[in-house]
$ cat start-v5.txt   # compact mmCIF, C-alpha atoms and all ligand atoms
# COMPACT_ATOMS: atom_id res chain seq x y z
CA MET A 520 -26.97 -10.99 11.02
CA SER A 521 -24.90 -13.90 12.34
CA GLY A 522 -22.47 -14.93 9.63
CA LEU A 523 -22.21 -14.96 5.84
CA ILE A 524 -22.68 -18.51 4.53
CA THR A 525 -24.46 -17.88 1.20
CA MET A 526 -25.60 -14.75 -0.60
CA ASP A 527 -29.10 -15.49 0.70
CA ASP A 528 -27.87 -14.07 4.02
CA LEU A 529 -27.82 -10.58 2.44
CA SER A 530 -30.69 -8.57 0.98
CA ASN A 531 -30.05 -6.45 -2.12
CA GLU A 532 -30.16 -3.34 0.08
CA GLU A 533 -27.54 -4.83 2.43
CA ILE A 534 -25.33 -5.75 -0.54
CA MET A 535 -25.44 -2.19 -1.88
CA SER A 536 -24.84 -0.70 1.54
CA ILE A 537 -21.80 -2.97 2.15
CA LEU A 538 -20.44 -2.06 -1.31
CA ASP A 539 -20.85 1.63 -0.41
CA ASP A 540 -18.91 1.02 2.84
CA ALA A 541 -16.22 -0.77 0.83
CA GLU A 542 -15.90 2.16 -1.56
CA ARG A 543 -15.36 4.61 1.30
CA LEU A 544 -12.72 2.28 2.79
CA LEU A 545 -10.51 2.40 -0.34
CA PRO A 546 -7.95 4.88 1.12
CA VAL A 547 -7.64 2.63 4.20
CA ALA A 548 -7.18 -0.50 2.07
CA GLU A 549 -4.51 1.28 0.05
CA GLY A 550 -2.66 2.28 3.24
CA ARG A 551 -3.11 6.05 2.73
CA THR A 552 -5.37 6.50 5.76
CA TYR A 553 -5.11 4.81 9.15
CA LEU A 554 -8.52 3.95 10.62
CA PRO A 555 -8.39 1.38 13.47
CA LEU A 556 -12.10 0.52 13.46
CA LEU A 557 -11.37 -3.09 14.47
CA GLN A 558 -8.79 -2.45 17.20
CA GLY A 559 -9.16 -5.10 19.91
CA LYS A 560 -10.92 -7.56 17.57
CA ILE A 561 -9.41 -10.90 16.52
CA LEU A 562 -10.13 -12.78 13.29
CA GLY A 563 -9.57 -16.55 13.22
CA ASN A 564 -8.44 -17.75 9.77
CA LEU A 565 -9.35 -21.44 9.38
CA PHE A 566 -8.31 -22.65 5.94
CA PHE A 567 -8.62 -26.41 5.51
CA GLU A 568 -7.93 -26.01 1.75
CA PRO A 569 -5.23 -24.02 -0.06
CA SER A 570 -5.81 -20.28 -0.55
CA THR A 571 -3.72 -17.25 -1.38
CA ARG A 572 -6.15 -14.38 -2.04
CA THR A 573 -8.99 -15.14 0.36
CA ARG A 574 -6.76 -15.89 3.34
CA MET A 575 -4.31 -13.02 2.72
CA SER A 576 -6.95 -10.42 1.89
CA PHE A 577 -8.88 -11.26 5.07
CA GLU A 578 -5.65 -10.84 6.99
CA THR A 579 -4.79 -7.56 5.23
CA ALA A 580 -8.34 -6.25 5.78
CA MET A 581 -8.19 -6.99 9.48
CA LYS A 582 -4.72 -5.46 9.93
CA ARG A 583 -5.48 -2.32 7.89
CA LEU A 584 -8.38 -1.74 10.31
CA GLY A 585 -6.18 -2.18 13.39
CA GLY A 586 -7.40 -5.70 14.25
CA ASP A 587 -5.47 -8.91 14.83
CA VAL A 588 -5.47 -12.32 13.17
CA VAL A 589 -4.77 -15.84 14.40
CA ASN A 590 -4.27 -18.56 11.81
CA LEU A 591 -4.86 -22.29 11.96
CA GLY A 592 -1.91 -22.39 9.56
CA ASP A 593 -1.05 -25.53 7.66
CA VAL A 594 -3.66 -28.16 8.53
CA LYS A 595 -0.82 -30.75 8.57
CA THR A 596 0.72 -29.04 11.61
CA SER A 597 -2.59 -28.59 13.46
CA SER A 598 -4.45 -31.02 15.71
CA VAL A 599 -6.75 -31.85 12.80
CA VAL A 600 -4.18 -34.55 11.91
CA LYS A 601 -4.72 -36.08 15.36
CA GLY A 602 -8.38 -36.57 14.43
CA GLU A 603 -9.90 -33.46 15.99
CA THR A 604 -13.37 -32.89 14.52
CA LEU A 605 -14.50 -29.69 12.85
CA TYR A 606 -17.04 -29.26 15.66
CA ASP A 607 -14.34 -29.37 18.34
CA THR A 608 -12.01 -27.11 16.36
CA ILE A 609 -14.78 -24.53 16.01
CA GLN A 610 -15.53 -24.73 19.76
CA MET A 611 -11.89 -23.81 20.50
CA VAL A 612 -11.47 -21.06 17.92
CA ASP A 613 -14.83 -19.60 18.89
CA GLY A 614 -13.34 -18.90 22.31
CA TYR A 615 -10.14 -17.38 20.92
CA THR A 616 -11.65 -14.97 18.39
CA ASP A 617 -14.43 -12.47 17.59
CA ILE A 618 -15.09 -13.67 14.03
CA ILE A 619 -13.95 -16.63 11.88
CA ALA A 620 -13.14 -16.87 8.15
CA MET A 621 -13.24 -20.49 7.04
CA ARG A 622 -12.56 -22.51 3.90
CA HIS A 623 -13.33 -26.22 3.90
CA PRO A 624 -13.42 -28.92 1.21
CA ARG A 625 -16.85 -30.19 2.28
CA GLN A 626 -19.96 -28.52 0.88
CA GLY A 627 -22.14 -27.41 3.78
CA ALA A 628 -19.22 -27.18 6.24
CA ALA A 629 -19.62 -23.40 6.69
CA GLN A 630 -23.25 -23.73 7.78
CA TYR A 631 -22.23 -26.61 10.08
CA ALA A 632 -19.56 -24.36 11.62
CA GLN A 633 -22.01 -21.48 12.03
CA ASP A 634 -24.44 -23.80 13.83
CA ALA A 635 -21.61 -24.77 16.23
CA ALA A 636 -20.22 -21.24 16.81
CA ARG A 637 -21.31 -18.15 18.73
CA VAL A 638 -19.13 -15.82 16.66
CA PRO A 639 -19.97 -15.00 13.02
CA ILE A 640 -18.56 -17.32 10.33
CA LEU A 641 -17.51 -15.88 6.97
CA ASN A 642 -17.65 -18.66 4.38
CA GLY A 643 -14.43 -18.47 2.37
CA GLY A 644 -15.51 -21.42 0.18
CA ASP A 645 -17.12 -24.74 1.08
CA GLY A 646 -16.23 -27.42 -1.48
CA ALA A 647 -18.17 -26.84 -4.70
CA GLY A 648 -20.83 -24.96 -2.70
CA HIS A 649 -20.59 -21.20 -2.12
CA HIS A 650 -18.01 -18.42 -1.90
CA PRO A 651 -20.04 -15.35 -0.90
CA THR A 652 -17.16 -13.06 0.12
CA GLN A 653 -15.73 -13.60 -3.38
CA THR A 654 -19.13 -12.63 -4.77
CA MET A 655 -19.06 -9.39 -2.79
CA LEU A 656 -15.69 -8.43 -4.27
CA ASP A 657 -16.90 -9.50 -7.71
CA LEU A 658 -19.98 -7.28 -7.39
CA PHE A 659 -17.77 -4.44 -6.15
CA THR A 660 -15.53 -4.84 -9.22
CA ILE A 661 -18.50 -4.94 -11.63
CA ARG A 662 -20.11 -1.85 -10.06
CA GLN A 663 -16.75 -0.05 -10.06
CA ALA A 664 -16.43 -0.65 -13.83
CA HIS A 665 -20.03 -0.15 -14.97
CA GLY A 666 -21.46 2.11 -12.27
CA THR A 667 -24.35 -0.31 -11.74
CA LEU A 668 -25.17 -3.97 -11.20
CA GLU A 669 -28.52 -3.74 -12.97
CA GLY A 670 -29.29 -5.29 -16.34
CA LEU A 671 -25.79 -6.22 -17.46
CA LYS A 672 -24.96 -9.05 -19.84
CA VAL A 673 -22.52 -11.39 -18.10
CA ILE A 674 -20.77 -14.45 -19.53
CA LEU A 675 -19.67 -17.02 -16.94
CA ALA A 676 -17.22 -19.40 -18.59
CA GLY A 677 -15.25 -22.55 -17.79
CA ASP A 678 -15.90 -24.88 -14.88
CA LEU A 679 -19.46 -24.05 -13.89
CA ARG A 680 -19.98 -27.46 -12.28
CA TYR A 681 -17.35 -27.30 -9.54
CA GLY A 682 -16.60 -23.55 -9.52
CA ARG A 683 -18.21 -22.26 -6.33
CA THR A 684 -17.52 -18.61 -7.25
CA VAL A 685 -19.89 -18.81 -10.22
CA HIS A 686 -22.56 -20.55 -8.14
CA SER A 687 -22.70 -17.66 -5.66
CA LEU A 688 -22.24 -14.96 -8.31
CA SER A 689 -24.97 -16.19 -10.65
CA HIS A 690 -27.51 -16.07 -7.80
CA ALA A 691 -26.51 -12.51 -6.94
CA LEU A 692 -26.52 -11.28 -10.56
CA THR A 693 -29.99 -12.74 -11.08
CA ARG A 694 -31.24 -10.64 -8.18
CA PHE A 695 -29.98 -7.53 -10.00
CA GLY A 696 -31.66 -8.48 -13.29
CA CYS A 697 -28.53 -9.40 -15.24
CA GLU A 698 -28.66 -11.58 -18.36
CA LEU A 699 -26.46 -14.66 -17.87
CA ILE A 700 -24.68 -16.72 -20.48
CA PHE A 701 -23.18 -19.97 -19.17
CA ALA A 702 -20.34 -21.12 -21.47
CA SER A 703 -18.88 -24.50 -20.53
CA PRO A 704 -18.08 -27.95 -21.89
CA GLU A 705 -21.02 -30.36 -21.44
CA LEU A 706 -19.19 -32.15 -18.61
CA LEU A 707 -18.79 -28.90 -16.65
CA LYS A 708 -22.26 -27.39 -17.09
CA MET A 709 -23.85 -25.39 -14.31
CA PRO A 710 -25.69 -27.95 -12.10
CA ALA A 711 -29.32 -28.31 -13.23
CA GLU A 712 -30.67 -27.51 -9.75
CA ILE A 713 -28.89 -24.15 -9.83
CA VAL A 714 -30.15 -23.34 -13.36
CA ASN A 715 -33.70 -24.34 -12.34
CA ASP A 716 -33.49 -22.21 -9.21
CA LEU A 717 -32.21 -19.20 -11.17
CA THR A 718 -34.94 -19.63 -13.77
CA ALA A 719 -37.58 -19.91 -11.04
CA HIS A 720 -36.30 -16.55 -9.77
CA GLY A 721 -36.79 -14.97 -13.20
CA ALA A 722 -33.26 -15.32 -14.57
CA ASN A 723 -32.61 -14.92 -18.28
CA VAL A 724 -30.11 -17.76 -18.80
CA THR A 725 -28.55 -19.14 -21.98
CA GLU A 726 -26.34 -22.26 -21.90
CA THR A 727 -23.76 -22.81 -24.61
CA GLU A 728 -20.49 -24.63 -25.28
CA GLU A 729 -19.30 -21.71 -27.40
CA LEU A 730 -17.54 -18.82 -25.63
CA LEU A 731 -16.29 -16.49 -28.35
CA GLY A 732 -19.63 -15.96 -30.15
CA SER A 733 -21.15 -13.98 -27.27
CA ILE A 734 -18.20 -11.73 -26.38
CA ALA A 735 -19.17 -8.83 -28.69
CA ASP A 736 -22.33 -8.04 -26.68
CA ALA A 737 -21.01 -8.81 -23.19
CA ASP A 738 -20.43 -6.29 -20.40
CA VAL A 739 -18.52 -8.81 -18.28
CA VAL A 740 -16.69 -12.03 -19.17
CA TYR A 741 -16.03 -14.02 -16.00
CA MET A 742 -13.48 -16.78 -16.69
CA THR A 743 -12.84 -19.67 -14.28
CA ARG A 744 -10.21 -22.33 -13.80
CA ILE A 745 -11.13 -25.98 -14.33
CA GLN A 746 -11.03 -27.34 -10.77
CA LYS A 747 -8.73 -30.32 -11.26
CA GLU A 748 -8.76 -31.15 -7.54
CA ARG A 749 -12.52 -31.88 -7.58
CA PHE A 750 -12.39 -34.56 -10.34
CA ALA A 751 -12.64 -38.13 -9.06
CA ASP A 752 -11.27 -39.41 -12.40
CA GLU A 753 -8.13 -37.86 -13.93
CA ASP A 754 -9.19 -39.01 -17.45
CA GLU A 755 -12.34 -36.91 -17.17
CA TYR A 756 -10.19 -33.89 -16.30
CA THR A 757 -7.92 -34.52 -19.30
CA LYS A 758 -10.96 -34.43 -21.62
CA VAL A 759 -11.84 -30.86 -20.62
CA ALA A 760 -8.46 -29.38 -19.58
CA GLY A 761 -7.72 -26.29 -21.67
CA ALA A 762 -11.29 -26.16 -23.05
CA TYR A 763 -11.28 -22.35 -23.16
CA LYS A 764 -8.30 -20.11 -23.72
CA LEU A 765 -8.91 -16.41 -24.05
CA HIS A 766 -6.29 -14.53 -26.09
CA ALA A 767 -6.06 -10.75 -26.72
CA SER A 768 -6.90 -11.38 -30.39
CA ASN A 769 -10.32 -12.77 -29.30
CA LEU A 770 -11.29 -9.37 -27.90
CA GLU A 771 -11.13 -7.20 -31.01
CA GLY A 772 -14.93 -6.90 -31.39
CA ALA A 773 -15.64 -6.46 -27.68
CA LYS A 774 -17.39 -3.40 -26.23
CA GLU A 775 -14.90 -0.76 -25.11
CA ASN A 776 -15.96 -1.05 -21.43
CA MET A 777 -16.29 -4.84 -21.33
CA ILE A 778 -14.28 -6.26 -18.42
CA ILE A 779 -12.66 -9.65 -18.06
CA MET A 780 -12.71 -11.06 -14.56
CA HIS A 781 -11.31 -14.23 -12.99
CA PRO A 782 -11.34 -15.24 -9.31
CA LEU A 783 -7.75 -16.53 -9.80
CA PRO A 784 -5.58 -18.52 -9.73
CA ARG A 785 -5.57 -18.90 -13.51
CA VAL A 786 -3.91 -21.81 -15.27
CA ASP A 787 -4.10 -21.32 -19.06
CA GLU A 788 -7.63 -19.97 -19.57
CA ILE A 789 -6.48 -16.33 -19.90
CA HIS A 790 -3.37 -15.81 -22.03
CA PRO A 791 -0.91 -13.20 -20.64
CA SER A 792 -1.52 -11.14 -23.82
CA VAL A 793 -4.90 -10.17 -22.28
CA ASP A 794 -3.21 -8.62 -19.22
CA SER A 795 -2.23 -5.42 -21.04
CA THR A 796 -5.63 -4.87 -22.68
CA ARG A 797 -8.13 -2.33 -21.31
CA HIS A 798 -10.45 -5.23 -20.55
CA ALA A 799 -8.30 -7.07 -17.97
CA ARG A 800 -9.68 -6.52 -14.48
CA TYR A 801 -8.63 -9.66 -12.56
CA PHE A 802 -5.73 -8.19 -10.59
CA GLN A 803 -7.81 -5.15 -9.59
CA GLN A 804 -10.53 -7.67 -8.66
CA ALA A 805 -8.10 -9.51 -6.37
CA PHE A 806 -7.16 -6.21 -4.68
CA ASN A 807 -10.84 -5.42 -4.23
CA GLY A 808 -10.97 -8.47 -1.95
CA VAL A 809 -9.39 -6.28 0.72
CA VAL A 810 -12.04 -3.52 0.66
CA ALA A 811 -14.95 -5.92 0.28
CA ARG A 812 -13.72 -8.01 3.23
CA MET A 813 -13.02 -4.90 5.33
CA ALA A 814 -16.63 -3.83 4.83
CA LEU A 815 -17.93 -7.33 5.62
CA LEU A 816 -15.81 -7.64 8.78
CA CYS A 817 -17.15 -4.30 10.03
CA ARG A 818 -20.74 -5.22 9.20
CA LEU A 819 -20.61 -8.63 10.90
CA LEU A 820 -18.86 -7.21 13.95
CA GLY A 821 -21.46 -4.44 14.26
CA ILE A 822 -18.99 -1.62 13.58
CA ASN A 823 -20.28 1.34 11.55
CA VAL A 824 -18.05 2.57 8.74
CA PRO A 825 -17.93 6.40 8.91
CA GLN A 826 -19.78 8.25 6.15
CA LYS A 827 -16.70 10.38 5.48
CA ILE A 828 -13.17 8.98 5.55
CA ALA A 829 -10.25 11.32 4.94
CA ASP A 830 -7.93 10.36 2.09
CA GLY A 831 -4.53 10.50 3.80
CA GLY A 832 -3.31 10.58 7.42
CA GLU A 833 -5.31 9.50 10.44
CA ALA A 834 -9.10 9.45 9.94
N1 LIG B 901 -10.32 -16.40 -5.50
C1 LIG B 901 -9.90 -17.24 -4.53
O1 LIG B 901 -10.72 -17.81 -3.77
O2 LIG B 901 -8.55 -17.39 -4.48
P1 LIG B 901 -7.76 -18.27 -3.41
O3 LIG B 901 -8.13 -19.72 -3.69
O4 LIG B 901 -6.31 -17.98 -3.66
O5 LIG B 901 -8.23 -17.86 -2.05
$ encode --input "start-v5.txt" --output "structure tokens"
Amino acid sequence: MSGLITMDDLSNEEIMSILDDAERLLPVAEGRTYLPLLQGKILGNLFFEPSTRTRMSFETAMKRLGGDVVNLGDVKTSSVVKGETLYDTIQMVDGYTDIIAMRHPRQGAAQYAQDAARVPILNGGDGAGHHPTQTMLDLFTIRQAHGTLEGLKVILAGDLRYGRTVHSLSHALTRFGCELIFASPELLKMPAEIVNDLTAHGANVTETEELLGSIADADVVYMTRIQKERFADEDEYTKVAGAYKLHASNLEGAKENMIIMHPLPRVDEIHPSVDSTRHARYFQQAFNGVVARMALLCRLLGINVPQKIADGGEA
């Protein structure tokens, strides 16, 4: 395996095996056990777009495993502003590091970087394209809550047009036989080529503009932010801003074990009243980014995660 650009780079068996590794790494992610599996390895963090969770959880994952991190930092203070190309930047960082995590505003940039690099690239989001490491932590969170990924009913709601997390996740959930409900305003529908591709792969997909009607039967409700930064026309954004707002009172008929997820950051699509319900899982989901990325870093660097990891002390 070279890098992780889309979920197509992983088989279902590899996904499950990486999630198993991630589960065993929980005491390391929580700082209870010290296990320097990545000592001597350097991660290059190249974030050409803003990020809190992806960038920081990659950094935490690397450091919890005894590795080091170098950051491009603020693009404005890098040589990108002098006109350095992505190709040249990758050539440099490739020489400085053992693995690269990259976010870029241009769809396809992660594959371009992988073609230019010798070290593995982890796609941390390429425009409205893919966000596979987010999908791995999403799958981890779903399996943690339901004990399985198979046959669940999952609502994906909000900005399905520009939201790269739902593009990657819907492909993965289809492979595990989940039923998908896409709830979005007409303007922000899941792109037709993605729906067609999912259907061609046997997906059971329903598209609707109505969110609340399906909640009673759902196992997972995955909310997303409307991606203001990807609208060419501010008036178009204004038409759909605030389209869905989930409040605790909307959850009264939900299944007891239904979970609400969100890749974060949220704006106003999940009211703070939801945070204290048994359904809220988005902050746990953000923490799970550390274990999922630890497991991915080990896998891509060819480091085996031990089958038994002590909970506490030095492993
Ligand atoms: N979920 C996610 O990608 O968050 P950041 O944009 O903060 O990295």
$ residues_near_ligand --input "start-v5.txt" --ligand "ligand LIG 901 (chain B)" --cutoff "10 Å" --atoms "only C-alpha atoms and all ligand atoms" --output "count of residues only"
32
$ closest_residue --input "start-v5.txt" --among "A:Ala711, A:Ala620, A:Val638, A:Ala737" --to "A:Ser521" --atoms "only C-alpha atoms"
A:Val638
$ closest_atom_pairs --input "start-v5.txt" --of "stretch 586-676 of chain A" --to "stretch 717-736 of chain A" --cutoff "9 Å" --atoms "only C-alpha atoms" --output "tab-separated table"
residue	atom	partner	partner_atom	distance
A:Lys672	CA	A:Asp736	CA	7.4
A:Ile674	CA	A:Ser733	CA	7.8
A:Ala676	CA	A:Leu730	CA	7.1
$ atom_distance --input "start-v5.txt" --atom1 "atom CA of A:Gly550" --atom2 "atom CA of A:Gly586"
14.4 Å
$ residues_around --input "start-v5.txt" --residues "A:Ala814" --least-positions-apart "5" --cutoff "7 Å" --atoms "all atoms listed in the file" --output "PyMOL selection string"
chain A and resi 537+540-541
$ write_last_selection --input "start-v5.txt" --atoms "C-alpha atoms" --output "PDB file, in the frame of the given file"
ATOM      1  CA  ILE A 537     -21.800  -2.970   2.150  1.00  0.00           C
ATOM      2  CA  ASP A 540     -18.910   1.020   2.840  1.00  0.00           C
ATOM      3  CA  ALA A 541     -16.220  -0.770   0.830  1.00  0.00           C
TER       4      ALA A 541
END
$ residues_around --input "start-v5.txt" --residues "A:Thr552" --least-positions-apart "4" --cutoff "6 Å" --atoms "only C-alpha atoms" --output "list in words"
Pro546, Val547, Asp830, Gly831, Gly832 and Glu833 of chain A
$ closest_residue --input "start-v5.txt" --among "A:Ile700, A:Met777, A:Leu675, A:Leu556" --to "A:Met742" --atoms "all atoms listed in the file"
A:Leu675
$ atom_distance --input "start-v5.txt" --atom1 "atom CA of A:Ile618" --atom2 "atom CA of A:Gly563"
6.3 Å
$ atom_distance --input "start-v5.txt" --atom1 "atom CA of A:Phe567" --atom2 "atom CA of A:Ala628"
10.7 Å
$ closest_residue --input "start-v5.txt" --among "A:Leu816, A:Met709, A:Leu557, A:Ala548" --to "A:Ala647" --atoms "only C-alpha atoms"
A:Met709
$ closest_residue --input "start-v5.txt" --among "A:His690, A:Lys708, A:Arg818, A:Lys827" --to "A:Leu641" --atoms "only C-alpha atoms"
A:Arg818
$ closest_residue --input "start-v5.txt" --among "A:Gln663, A:Ser795, A:Ser598, A:Gln746" --to "A:Gly646" --atoms "only C-alpha atoms"
A:Gln746
$ residues_around --input "start-v5.txt" --residues "A:Ser689" --least-positions-apart "3" --cutoff "8 Å" --atoms "only C-alpha atoms" --output "PyMOL selection string"
chain A and resi 685-686+692-693+699+717
$ residues_around --input "start-v5.txt" --residues "A:Val589" --least-positions-apart "6" --cutoff "10 Å" --atoms "all atoms listed in the file" --output "number ranges by chain"
A: 561-565, 578, 612, 615-616, 619
$ closest_residue --input "start-v5.txt" --among "A:Glu748, A:Glu669, A:Glu712, A:Asp617" --to "A:Gly682" --atoms "all atoms listed in the file"
A:Glu748
$ residues_near_point --input "start-v5.txt" --point "(-14.8, 0.7, 10.8)" --cutoff "7 Å" --atoms "only C-alpha atoms" --output "list of chain:residue names"
A:Pro555, A:Leu556, A:Leu557, A:Leu584, A:Cys817, A:Ile822, A:Asn823, A:Val824, A:Pro825
$ write_last_selection --input "start-v5.txt" --atoms "C-alpha atoms" --output "PDB file, in the coordinates of the input"
ATOM      1  CA  PRO A 555      -8.390   1.380  13.470  1.00  0.00           C
ATOM      2  CA  LEU A 556     -12.100   0.520  13.460  1.00  0.00           C
ATOM      3  CA  LEU A 557     -11.370  -3.090  14.470  1.00  0.00           C
ATOM      4  CA  LEU A 584      -8.380  -1.740  10.310  1.00  0.00           C
ATOM      5  CA  CYS A 817     -17.150  -4.300  10.030  1.00  0.00           C
ATOM      6  CA  ILE A 822     -18.990  -1.620  13.580  1.00  0.00           C
ATOM      7  CA  ASN A 823     -20.280   1.340  11.550  1.00  0.00           C
ATOM      8  CA  VAL A 824     -18.050   2.570   8.740  1.00  0.00           C
ATOM      9  CA  PRO A 825     -17.930   6.400   8.910  1.00  0.00           C
TER      10      PRO A 825
END
